[in-house]
$ cat run27.txt   # compact mmCIF, N, CA, C and O atoms
# COMPACT_ATOMS: atom_id res chain seq x y z
N MET A 1 73.37 98.80 82.62
CA MET A 1 73.80 99.82 83.57
C MET A 1 72.58 100.53 84.14
O MET A 1 72.42 101.70 83.96
N HIS A 2 71.74 99.76 84.81
CA HIS A 2 70.51 100.36 85.32
C HIS A 2 70.56 100.65 86.81
O HIS A 2 69.92 101.56 87.28
N LYS A 3 71.29 99.84 87.57
CA LYS A 3 71.38 100.06 89.00
C LYS A 3 72.47 101.07 89.31
O LYS A 3 73.48 101.13 88.61
N PRO A 4 72.29 101.85 90.38
CA PRO A 4 73.36 102.79 90.74
C PRO A 4 74.61 102.03 91.18
O PRO A 4 74.52 100.96 91.76
N PRO A 5 75.77 102.59 90.90
CA PRO A 5 77.01 101.93 91.30
C PRO A 5 77.20 101.98 92.82
O PRO A 5 76.62 102.82 93.49
N ARG A 6 78.01 101.06 93.31
CA ARG A 6 78.39 101.08 94.73
C ARG A 6 79.73 101.79 94.83
O ARG A 6 80.67 101.43 94.12
N ILE A 7 79.81 102.77 95.71
CA ILE A 7 81.03 103.57 95.85
C ILE A 7 81.38 103.67 97.32
O ILE A 7 80.52 103.98 98.15
N TRP A 8 82.66 103.43 97.61
CA TRP A 8 83.17 103.57 98.98
C TRP A 8 84.38 104.50 98.93
O TRP A 8 85.25 104.34 98.08
N VAL A 9 84.44 105.43 99.85
CA VAL A 9 85.60 106.31 100.00
C VAL A 9 86.08 106.13 101.43
O VAL A 9 85.28 106.16 102.37
N SER A 10 87.39 105.94 101.61
CA SER A 10 87.93 105.64 102.93
C SER A 10 87.65 106.71 103.97
O SER A 10 87.51 106.42 105.15
N ASN A 11 87.55 107.98 103.54
CA ASN A 11 87.30 109.08 104.47
C ASN A 11 86.69 110.24 103.69
O ASN A 11 87.37 110.84 102.87
N GLU A 12 85.44 110.56 103.95
CA GLU A 12 84.77 111.64 103.22
C GLU A 12 85.05 113.01 103.84
O GLU A 12 84.65 114.03 103.29
N LYS A 13 85.77 113.04 104.99
CA LYS A 13 86.15 114.31 105.63
C LYS A 13 87.63 114.25 106.02
O LYS A 13 87.98 114.31 107.20
N PRO A 14 88.52 114.15 105.01
CA PRO A 14 89.95 114.01 105.29
C PRO A 14 90.61 115.34 105.61
O PRO A 14 90.07 116.41 105.34
N ALA A 15 91.81 115.27 106.16
CA ALA A 15 92.66 116.45 106.28
C ALA A 15 93.37 116.64 104.94
O ALA A 15 93.56 115.68 104.18
N LYS A 16 93.77 117.87 104.65
CA LYS A 16 94.50 118.12 103.41
C LYS A 16 95.77 117.28 103.40
O LYS A 16 96.49 117.22 104.39
N GLY A 17 96.01 116.60 102.28
CA GLY A 17 97.19 115.77 102.14
C GLY A 17 96.96 114.30 102.46
O GLY A 17 97.82 113.47 102.18
N ASP A 18 95.83 113.97 103.07
CA ASP A 18 95.52 112.56 103.35
C ASP A 18 95.36 111.80 102.05
O ASP A 18 94.86 112.33 101.05
N ILE A 19 95.75 110.53 102.07
CA ILE A 19 95.55 109.65 100.92
C ILE A 19 94.18 108.97 101.09
O ILE A 19 93.92 108.35 102.12
N LEU A 20 93.33 109.12 100.09
CA LEU A 20 92.00 108.52 100.12
C LEU A 20 91.98 107.29 99.22
O LEU A 20 92.51 107.30 98.11
N ARG A 21 91.37 106.25 99.71
CA ARG A 21 91.18 105.02 98.94
C ARG A 21 89.74 105.01 98.43
O ARG A 21 88.80 105.16 99.22
N VAL A 22 89.58 104.83 97.15
CA VAL A 22 88.26 104.83 96.51
C VAL A 22 88.04 103.46 95.88
O VAL A 22 88.90 102.93 95.19
N ARG A 23 86.86 102.90 96.14
CA ARG A 23 86.46 101.64 95.52
C ARG A 23 85.10 101.86 94.88
O ARG A 23 84.22 102.47 95.48
N ALA A 24 84.94 101.36 93.66
CA ALA A 24 83.67 101.53 92.95
C ALA A 24 83.35 100.25 92.18
O ALA A 24 84.24 99.63 91.60
N GLN A 25 82.08 99.88 92.21
CA GLN A 25 81.64 98.72 91.46
C GLN A 25 80.30 99.03 90.82
O GLN A 25 79.41 99.59 91.46
N MET A 26 80.19 98.67 89.55
CA MET A 26 78.92 98.87 88.85
C MET A 26 78.50 97.55 88.24
O MET A 26 79.33 96.68 88.00
N GLU A 27 77.20 97.39 88.04
CA GLU A 27 76.68 96.16 87.44
C GLU A 27 76.64 96.31 85.93
O GLU A 27 76.07 97.26 85.40
N HIS A 28 77.30 95.37 85.25
CA HIS A 28 77.33 95.38 83.79
C HIS A 28 77.64 93.95 83.33
O HIS A 28 78.53 93.30 83.86
N VAL A 29 76.94 93.49 82.32
CA VAL A 29 77.10 92.12 81.83
C VAL A 29 78.48 91.88 81.22
O VAL A 29 79.04 90.80 81.32
N MET A 30 79.06 92.89 80.59
CA MET A 30 80.38 92.78 79.96
C MET A 30 80.39 91.65 78.92
O MET A 30 81.19 90.73 78.96
N GLU A 31 79.48 91.73 77.98
CA GLU A 31 79.37 90.71 76.92
C GLU A 31 80.48 90.92 75.90
O GLU A 31 80.62 91.98 75.32
N SER A 32 81.26 89.87 75.66
CA SER A 32 82.46 89.96 74.81
C SER A 32 82.17 89.93 73.31
O SER A 32 83.02 90.28 72.51
N GLY A 33 81.00 89.44 72.93
CA GLY A 33 80.69 89.26 71.51
C GLY A 33 81.23 87.95 70.97
O GLY A 33 81.19 87.70 69.77
N LEU A 34 81.72 87.09 71.87
CA LEU A 34 82.28 85.80 71.46
C LEU A 34 81.38 84.62 71.83
O LEU A 34 81.67 83.50 71.47
N ARG A 35 80.31 84.89 72.57
CA ARG A 35 79.42 83.80 73.00
C ARG A 35 78.14 83.80 72.16
O ARG A 35 77.73 84.82 71.63
N THR A 36 77.52 82.62 72.08
CA THR A 36 76.23 82.53 71.39
C THR A 36 75.13 82.36 72.42
O THR A 36 75.33 81.83 73.52
N ASP A 37 73.95 82.81 72.05
CA ASP A 37 72.77 82.65 72.90
C ASP A 37 72.26 81.23 72.68
O ASP A 37 71.93 80.86 71.55
N PRO A 38 72.18 80.39 73.73
CA PRO A 38 71.75 79.00 73.54
C PRO A 38 70.34 78.87 72.98
O PRO A 38 70.05 77.93 72.25
N ALA A 39 69.48 79.83 73.28
CA ALA A 39 68.10 79.74 72.82
C ALA A 39 67.97 80.00 71.32
O ALA A 39 67.16 79.37 70.63
N THR A 40 68.77 80.95 70.80
CA THR A 40 68.63 81.33 69.39
C THR A 40 69.79 80.88 68.52
O THR A 40 69.66 80.85 67.29
N GLY A 41 70.93 80.58 69.13
CA GLY A 41 72.11 80.21 68.35
C GLY A 41 72.83 81.41 67.76
O GLY A 41 73.84 81.27 67.08
N GLN A 42 72.32 82.60 68.00
CA GLN A 42 72.93 83.83 67.49
C GLN A 42 74.04 84.32 68.42
O GLN A 42 73.97 84.14 69.64
N VAL A 43 75.04 84.96 67.83
CA VAL A 43 76.11 85.55 68.63
C VAL A 43 75.55 86.73 69.40
O VAL A 43 74.83 87.57 68.84
N ARG A 44 75.85 86.76 70.70
CA ARG A 44 75.42 87.91 71.52
C ARG A 44 76.28 89.11 71.14
O ARG A 44 77.50 89.00 71.08
N PRO A 45 75.67 90.27 70.93
CA PRO A 45 76.46 91.43 70.52
C PRO A 45 77.42 91.89 71.63
O PRO A 45 77.11 91.81 72.81
N ARG A 46 78.57 92.34 71.20
CA ARG A 46 79.58 92.86 72.13
C ARG A 46 79.03 94.09 72.85
O ARG A 46 78.46 94.99 72.21
N ASN A 47 79.19 94.12 74.16
CA ASN A 47 78.83 95.29 74.95
C ASN A 47 79.66 95.28 76.23
O ASN A 47 79.30 94.66 77.22
N LEU A 48 80.79 95.95 76.15
CA LEU A 48 81.72 96.04 77.27
C LEU A 48 81.73 97.45 77.84
O LEU A 48 81.47 98.41 77.12
N MET A 49 82.05 97.56 79.12
CA MET A 49 82.34 98.87 79.66
C MET A 49 83.66 99.28 79.04
O MET A 49 84.65 98.56 79.14
N SER A 50 83.67 100.39 78.33
CA SER A 50 84.85 100.76 77.57
C SER A 50 85.64 101.92 78.14
O SER A 50 86.77 102.17 77.71
N HIS A 51 85.06 102.65 79.11
CA HIS A 51 85.76 103.81 79.67
C HIS A 51 85.24 104.12 81.06
O HIS A 51 84.05 104.05 81.32
N PHE A 52 86.17 104.48 81.94
CA PHE A 52 85.84 104.96 83.28
C PHE A 52 86.73 106.15 83.58
O PHE A 52 87.91 106.16 83.22
N GLU A 53 86.15 107.15 84.25
CA GLU A 53 86.97 108.25 84.71
C GLU A 53 86.44 108.79 86.02
O GLU A 53 85.24 108.70 86.32
N ALA A 54 87.36 109.32 86.82
CA ALA A 54 87.02 109.95 88.09
C ALA A 54 87.63 111.35 88.09
O ALA A 54 88.78 111.54 87.66
N LYS A 55 86.84 112.31 88.54
CA LYS A 55 87.30 113.70 88.63
C LYS A 55 87.04 114.20 90.04
O LYS A 55 86.02 113.88 90.65
N MET A 56 87.97 115.00 90.54
CA MET A 56 87.79 115.65 91.83
C MET A 56 87.69 117.14 91.58
O MET A 56 88.63 117.74 91.03
N ALA A 57 86.55 117.71 91.94
CA ALA A 57 86.28 119.14 91.71
C ALA A 57 86.55 119.51 90.24
O ALA A 57 87.11 120.55 89.95
N GLY A 58 86.15 118.63 89.33
CA GLY A 58 86.27 118.89 87.90
C GLY A 58 87.61 118.54 87.29
O GLY A 58 87.77 118.58 86.07
N LYS A 59 88.59 118.16 88.11
CA LYS A 59 89.93 117.82 87.61
C LYS A 59 90.07 116.30 87.52
O LYS A 59 89.84 115.59 88.50
N LEU A 60 90.47 115.82 86.35
CA LEU A 60 90.64 114.38 86.13
C LEU A 60 91.75 113.84 87.03
O LEU A 60 92.86 114.35 87.05
N ILE A 61 91.39 112.79 87.82
CA ILE A 61 92.40 112.18 88.70
C ILE A 61 92.66 110.72 88.36
O ILE A 61 93.66 110.16 88.78
N PHE A 62 91.75 110.08 87.62
CA PHE A 62 91.93 108.66 87.28
C PHE A 62 91.12 108.34 86.04
O PHE A 62 89.97 108.78 85.92
N THR A 63 91.72 107.58 85.14
CA THR A 63 91.00 107.11 83.96
C THR A 63 91.40 105.67 83.68
O THR A 63 92.52 105.26 84.00
N TRP A 64 90.47 104.91 83.11
CA TRP A 64 90.72 103.49 82.83
C TRP A 64 89.92 103.11 81.59
O TRP A 64 88.72 103.39 81.50
N ASP A 65 90.58 102.47 80.65
CA ASP A 65 89.95 101.95 79.44
C ASP A 65 90.18 100.44 79.43
O ASP A 65 91.19 99.97 78.89
N PRO A 66 89.26 99.67 80.03
CA PRO A 66 89.48 98.23 80.17
C PRO A 66 89.38 97.51 78.83
O PRO A 66 88.80 98.02 77.87
N GLY A 67 89.91 96.30 78.80
CA GLY A 67 89.85 95.47 77.60
C GLY A 67 88.81 94.37 77.74
O GLY A 67 88.02 94.34 78.68
N ILE A 68 88.85 93.44 76.82
CA ILE A 68 87.85 92.39 76.72
C ILE A 68 87.92 91.38 77.87
O ILE A 68 86.97 90.68 78.14
N SER A 69 89.04 91.30 78.55
CA SER A 69 89.22 90.26 79.58
C SER A 69 88.64 90.63 80.94
O SER A 69 88.80 89.88 81.89
N ILE A 70 87.97 91.75 81.08
CA ILE A 70 87.40 92.16 82.36
C ILE A 70 86.08 91.43 82.59
O ILE A 70 85.23 91.37 81.70
N SER A 71 85.89 90.91 83.80
CA SER A 71 84.68 90.16 84.11
C SER A 71 83.49 91.09 84.31
O SER A 71 83.64 92.31 84.42
N GLN A 72 82.31 90.49 84.39
CA GLN A 72 81.11 91.30 84.58
C GLN A 72 81.15 91.98 85.95
O GLN A 72 81.88 91.58 86.83
N ASN A 73 80.37 93.05 86.09
CA ASN A 73 80.29 93.86 87.31
C ASN A 73 81.67 94.36 87.73
O ASN A 73 82.16 94.06 88.83
N PRO A 74 82.33 95.15 86.87
CA PRO A 74 83.70 95.58 87.13
C PRO A 74 83.86 96.35 88.44
O PRO A 74 83.04 97.19 88.79
N TYR A 75 84.97 96.04 89.10
CA TYR A 75 85.35 96.66 90.37
C TYR A 75 86.62 97.46 90.12
O TYR A 75 87.56 96.97 89.50
N ILE A 76 86.64 98.70 90.58
CA ILE A 76 87.77 99.59 90.37
C ILE A 76 88.22 100.11 91.73
O ILE A 76 87.39 100.46 92.58
N GLU A 77 89.53 100.17 91.92
CA GLU A 77 90.07 100.71 93.17
C GLU A 77 91.27 101.58 92.83
O GLU A 77 92.12 101.21 92.03
N PHE A 78 91.32 102.77 93.44
CA PHE A 78 92.45 103.68 93.24
C PHE A 78 92.58 104.58 94.45
O PHE A 78 91.69 104.64 95.30
N THR A 79 93.72 105.26 94.55
CA THR A 79 93.95 106.21 95.64
C THR A 79 94.30 107.57 95.05
O THR A 79 94.77 107.67 93.91
N PHE A 80 94.06 108.59 95.84
CA PHE A 80 94.50 109.94 95.46
C PHE A 80 94.69 110.77 96.73
O PHE A 80 94.19 110.42 97.80
N LYS A 81 95.44 111.86 96.59
CA LYS A 81 95.73 112.73 97.72
C LYS A 81 94.68 113.83 97.80
O LYS A 81 94.43 114.53 96.80
N ALA A 82 94.08 114.00 98.98
CA ALA A 82 93.08 115.05 99.18
C ALA A 82 93.76 116.42 99.15
O ALA A 82 94.66 116.68 99.94
N GLN A 83 93.35 117.25 98.21
CA GLN A 83 93.92 118.59 98.07
C GLN A 83 92.89 119.70 98.35
O GLN A 83 93.26 120.79 98.76
N GLN A 84 91.62 119.38 98.10
CA GLN A 84 90.56 120.39 98.25
C GLN A 84 89.22 119.71 98.46
O GLN A 84 89.06 118.54 98.17
N SER A 85 88.27 120.48 98.94
CA SER A 85 86.91 119.98 99.07
C SER A 85 86.24 120.04 97.70
O SER A 85 86.61 120.83 96.85
N GLY A 86 85.23 119.21 97.51
CA GLY A 86 84.48 119.24 96.26
C GLY A 86 83.83 117.90 95.99
O GLY A 86 83.85 117.00 96.82
N ASP A 87 83.25 117.81 94.81
CA ASP A 87 82.58 116.57 94.40
C ASP A 87 83.56 115.65 93.69
O ASP A 87 84.27 116.07 92.77
N LEU A 88 83.58 114.41 94.12
CA LEU A 88 84.31 113.35 93.45
C LEU A 88 83.29 112.71 92.51
O LEU A 88 82.32 112.11 92.96
N THR A 89 83.47 112.90 91.20
CA THR A 89 82.49 112.41 90.23
C THR A 89 83.06 111.24 89.44
O THR A 89 84.26 111.17 89.17
N PHE A 90 82.16 110.34 89.06
CA PHE A 90 82.52 109.13 88.35
C PHE A 90 81.70 109.04 87.07
O PHE A 90 80.53 109.40 87.06
N LEU A 91 82.32 108.50 86.01
CA LEU A 91 81.63 108.31 84.74
C LEU A 91 82.05 106.97 84.15
O LEU A 91 83.24 106.67 84.06
N TRP A 92 81.06 106.17 83.80
CA TRP A 92 81.27 104.90 83.11
C TRP A 92 80.61 105.00 81.74
O TRP A 92 79.52 105.55 81.63
N LYS A 93 81.23 104.44 80.70
CA LYS A 93 80.65 104.38 79.35
C LYS A 93 80.80 102.96 78.83
O LYS A 93 81.79 102.30 79.12
N ASP A 94 79.81 102.51 78.04
CA ASP A 94 79.93 101.17 77.45
C ASP A 94 79.84 101.24 75.93
O ASP A 94 79.58 102.30 75.35
N ASP A 95 80.05 100.09 75.29
CA ASP A 95 80.05 100.02 73.82
C ASP A 95 78.70 100.38 73.21
O ASP A 95 78.63 100.77 72.05
N ALA A 96 77.62 100.21 73.98
CA ALA A 96 76.28 100.51 73.47
C ALA A 96 75.96 102.01 73.56
O ALA A 96 74.88 102.42 73.19
N GLY A 97 76.89 102.79 74.09
CA GLY A 97 76.67 104.23 74.20
C GLY A 97 75.99 104.66 75.49
O GLY A 97 75.71 105.84 75.67
N GLN A 98 75.74 103.72 76.38
CA GLN A 98 75.13 104.07 77.66
C GLN A 98 76.19 104.66 78.59
O GLN A 98 77.36 104.27 78.54
N THR A 99 75.76 105.59 79.43
CA THR A 99 76.65 106.16 80.43
C THR A 99 75.99 106.07 81.80
O THR A 99 74.77 106.00 81.93
N LEU A 100 76.83 106.05 82.81
CA LEU A 100 76.38 106.01 84.19
C LEU A 100 77.27 106.97 84.97
O LEU A 100 78.49 106.98 84.77
N THR A 101 76.66 107.80 85.80
CA THR A 101 77.42 108.75 86.60
C THR A 101 77.07 108.62 88.06
O THR A 101 75.98 108.14 88.41
N ALA A 102 77.99 109.03 88.90
CA ALA A 102 77.76 109.02 90.35
C ALA A 102 78.69 110.07 90.96
O ALA A 102 79.65 110.52 90.30
N LYS A 103 78.41 110.44 92.22
CA LYS A 103 79.32 111.38 92.88
C LYS A 103 79.29 111.18 94.39
O LYS A 103 78.32 110.67 94.94
N LYS A 104 80.39 111.58 95.01
CA LYS A 104 80.55 111.63 96.45
C LYS A 104 81.14 112.99 96.77
O LYS A 104 82.03 113.47 96.07
N THR A 105 80.66 113.63 97.81
CA THR A 105 81.20 114.90 98.23
C THR A 105 82.30 114.67 99.25
O THR A 105 82.11 113.95 100.23
N ILE A 106 83.45 115.30 99.02
CA ILE A 106 84.59 115.24 99.91
C ILE A 106 84.75 116.61 100.54
O ILE A 106 84.81 117.61 99.82
N THR A 107 84.83 116.67 101.86
CA THR A 107 84.97 117.93 102.57
C THR A 107 86.22 117.85 103.45
O THR A 107 86.29 117.01 104.34
N LEU A 108 87.19 118.72 103.16
CA LEU A 108 88.40 118.73 103.98
C LEU A 108 88.06 119.14 105.40
O LEU A 108 87.30 120.08 105.62
N GLY A 109 88.64 118.42 106.35
CA GLY A 109 88.35 118.69 107.76
C GLY A 109 89.40 119.55 108.41
O GLY A 109 90.37 119.95 107.91

$ encode --input "run27.txt" --output "structure tokens"
Amino acid sequence: MHKPPRIWVSNEKPAKGDILRVRAQMEHVMESGLRTDPATGQVRPRNLMSHFEAKMAGKLIFTWDPGISISQNPYIEFTFKAQQSGDLTFLWKDDAGQTLTAKKTITLG
């Protein structure tokens, strides 16, 4: 989780009540712990993205706890209704304890 995530918001200056579409993708290997390293023959340690959450102005609007079947570089898409201006913040966590955060500012028009 070293590169910044890619985030798209359908409208960063919506009217109150508009439905916003959010898409986010982050780079992560999503190692299941079921494969072996061909060079060493050792099992690669499990390291999955285990939690994602999105908050608007500090209020939780979306959460996701993916399972083992998610492919690498997970893509997330969700919608929410614009109620107020503020920061749309994102948090990703993985099994190794690493976290990644990002934000987009939403301003009601």

$ closest_residue --input "run27.txt" --among "A:Gly58, A:Asp95, A:Lys16, A:Lys81" --to "Val29 (chain A)" --atoms "only C-alpha atoms"
A:Asp95

$ atom_distance --input "run27.txt" --atom1 "CA of Arg23 (chain A)" --atom2 "CA of Lys103 (chain A)"
12.4 Å

$ select_by_dssp --input "run27.txt" --residues "region 32-99 of chain A" --states "strand (DSSP E or B)" --output "MDAnalysis selection string"
chainID A and resid 36 43 47 49:56 59:64 75:81 86:94 99

$ atom_distance --input "run27.txt" --atom1 "CA of Thr63 (chain A)" --atom2 "CA of Gln84 (chain A)"
19.5 Å

$ closest_residue --input "run27.txt" --among "A:Leu100, A:Ala15, A:Ala39, A:Val9" --to "Gln83 (chain A)" --atoms "only N, CA, C and O atoms"
A:Ala15

$ residues_around --input "run27.txt" --residues "Gly86 (chain A)" --least-positions-apart "4" --cutoff "7 Å" --atoms "all atoms listed in the file" --output "PyMOL selection string"
chain A and resi 56-57+104-108

$ write_last_selection --input "run27.txt" --atoms "N, CA, C and O atoms" --output "PDB file, in the frame of the given file"
ATOM      1  N   MET A  56      87.970 115.000  90.540  1.00  0.00           N
ATOM      2  CA  MET A  56      87.790 115.650  91.830  1.00  0.00           C
ATOM      3  C   MET A  56      87.690 117.140  91.580  1.00  0.00           C
ATOM      4  O   MET A  56      88.630 117.740  91.030  1.00  0.00           O
ATOM      5  N   ALA A  57      86.550 117.710  91.940  1.00  0.00           N
ATOM      6  CA  ALA A  57      86.280 119.140  91.710  1.00  0.00           C
ATOM      7  C   ALA A  57      86.550 119.510  90.240  1.00  0.00           C
ATOM      8  O   ALA A  57      87.110 120.550  89.950  1.00  0.00           O
ATOM      9  N   LYS A 104      80.390 111.580  95.010  1.00  0.00           N
ATOM     10  CA  LYS A 104      80.550 111.630  96.450  1.00  0.00           C
ATOM     11  C   LYS A 104      81.140 112.990  96.770  1.00  0.00           C
ATOM     12  O   LYS A 104      82.030 113.470  96.070  1.00  0.00           O
ATOM     13  N   THR A 105      80.660 113.630  97.810  1.00  0.00           N
ATOM     14  CA  THR A 105      81.200 114.900  98.230  1.00  0.00           C
ATOM     15  C   THR A 105      82.300 114.670  99.250  1.00  0.00           C
ATOM     16  O   THR A 105      82.110 113.950 100.230  1.00  0.00           O
ATOM     17  N   ILE A 106      83.450 115.300  99.020  1.00  0.00           N
ATOM     18  CA  ILE A 106      84.590 115.240  99.910  1.00  0.00           C
ATOM     19  C   ILE A 106      84.750 116.610 100.540  1.00  0.00           C
ATOM     20  O   ILE A 106      84.810 117.610  99.820  1.00  0.00           O
ATOM     21  N   THR A 107      84.830 116.670 101.860  1.00  0.00           N
ATOM     22  CA  THR A 107      84.970 117.930 102.570  1.00  0.00           C
ATOM     23  C   THR A 107      86.220 117.850 103.450  1.00  0.00           C
ATOM     24  O   THR A 107      86.290 117.010 104.340  1.00  0.00           O
ATOM     25  N   LEU A 108      87.190 118.720 103.160  1.00  0.00           N
ATOM     26  CA  LEU A 108      88.400 118.730 103.980  1.00  0.00           C
ATOM     27  C   LEU A 108      88.060 119.140 105.400  1.00  0.00           C
ATOM     28  O   LEU A 108      87.300 120.080 105.620  1.00  0.00           O
TER      29      LEU A 108
END

$ residues_around --input "run27.txt" --residues "Ala96 (chain A)" --least-positions-apart "2" --cutoff "6 Å" --atoms "only N, CA, C and O atoms" --output "PyMOL selection string"
chain A and resi 46-48+94+98

$ atom_distance --input "run27.txt" --atom1 "CA of Arg21 (chain A)" --atom2 "CA of Lys3 (chain A)"
22.7 Å

$ closest_residue --input "run27.txt" --among "A:Thr89, A:Ser69, A:Thr99, A:Thr79" --to "Met30 (chain A)" --atoms "all atoms listed in the file"
A:Ser69

$ closest_residue --input "run27.txt" --among "A:Leu91, A:Met49, A:Ile68, A:Ile76" --to "Gln25 (chain A)" --atoms "only N, CA, C and O atoms"
A:Ile76

$ closest_residue --input "run27.txt" --among "A:His51, A:His28, A:Arg6, A:Arg35" --to "Ile70 (chain A)" --atoms "only N, CA, C and O atoms"
A:His28

$ residues_around --input "run27.txt" --residues "Met26 (chain A)" --least-positions-apart "6" --cutoff "8 Å" --atoms "only N, CA, C and O atoms" --output "PyMOL selection string"
chain A and resi 1-7+71-76

$ closest_residue --input "run27.txt" --among "A:Ala102, A:Leu60, A:Ile19, A:Ala24" --to "Glu77 (chain A)" --atoms "only N, CA, C and O atoms"
A:Ala24

$ residues_around --input "run27.txt" --residues "Gly33 (chain A)" --least-positions-apart "6" --cutoff "7 Å" --atoms "only C-alpha atoms" --output "VMD selection string"
chain A and resid 43 to 46

$ decode --input "run27.txt" --residues "region 2-17 of chain A" --atoms "N, CA, C and O atoms" --output "compact mmCIF listing (two decimals), in the first residue's frame"
# COMPACT_ATOMS: atom_id res chain seq x y z
N HIS A 2 1.68 1.38 -1.04
CA HIS A 2 2.60 2.50 -1.08
C HIS A 2 2.14 3.63 -1.99
O HIS A 2 2.45 4.78 -1.75
N LYS A 3 1.42 3.31 -3.05
CA LYS A 3 0.96 4.34 -3.97
C LYS A 3 -0.36 4.91 -3.47
O LYS A 3 -1.16 4.21 -2.87
N PRO A 4 -0.60 6.20 -3.75
CA PRO A 4 -1.89 6.77 -3.34
C PRO A 4 -3.03 6.11 -4.12
O PRO A 4 -2.86 5.74 -5.27
N PRO A 5 -4.18 5.98 -3.49
CA PRO A 5 -5.32 5.37 -4.18
C PRO A 5 -5.87 6.30 -5.25
O PRO A 5 -5.65 7.51 -5.22
N ARG A 6 -6.57 5.71 -6.20
CA ARG A 6 -7.27 6.49 -7.22
C ARG A 6 -8.71 6.65 -6.77
O ARG A 6 -9.37 5.66 -6.44
N ILE A 7 -9.20 7.88 -6.75
CA ILE A 7 -10.55 8.16 -6.27
C ILE A 7 -11.26 9.05 -7.28
O ILE A 7 -10.70 10.06 -7.72
N TRP A 8 -12.49 8.66 -7.60
CA TRP A 8 -13.33 9.46 -8.49
C TRP A 8 -14.66 9.72 -7.79
O TRP A 8 -15.25 8.80 -7.23
N VAL A 9 -15.12 10.94 -7.84
CA VAL A 9 -16.43 11.31 -7.31
C VAL A 9 -17.20 11.93 -8.47
O VAL A 9 -16.66 12.79 -9.18
N SER A 10 -18.45 11.51 -8.67
CA SER A 10 -19.21 11.95 -9.83
C SER A 10 -19.41 13.45 -9.89
O SER A 10 -19.50 14.03 -10.97
N ASN A 11 -19.47 14.12 -8.73
CA ASN A 11 -19.67 15.57 -8.69
C ASN A 11 -19.15 16.09 -7.37
O ASN A 11 -19.72 15.80 -6.33
N GLU A 12 -18.08 16.87 -7.39
CA GLU A 12 -17.49 17.39 -6.16
C GLU A 12 -18.19 18.67 -5.69
O GLU A 12 -17.88 19.18 -4.61
N LYS A 13 -19.14 19.19 -6.49
CA LYS A 13 -19.92 20.38 -6.10
C LYS A 13 -21.41 20.13 -6.36
O LYS A 13 -22.03 20.80 -7.18
N PRO A 14 -21.99 19.15 -5.64
CA PRO A 14 -23.38 18.78 -5.88
C PRO A 14 -24.36 19.73 -5.20
O PRO A 14 -23.99 20.49 -4.30
N ALA A 15 -25.61 19.65 -5.60
CA ALA A 15 -26.69 20.31 -4.86
C ALA A 15 -27.09 19.38 -3.71
O ALA A 15 -26.89 18.16 -3.78
N LYS A 16 -27.64 19.95 -2.65
CA LYS A 16 -28.09 19.13 -1.53
C LYS A 16 -29.12 18.13 -2.04
O LYS A 16 -30.03 18.48 -2.78
N GLY A 17 -28.95 16.87 -1.65
CA GLY A 17 -29.86 15.82 -2.05
C GLY A 17 -29.43 15.04 -3.29
O GLY A 17 -30.01 14.00 -3.60
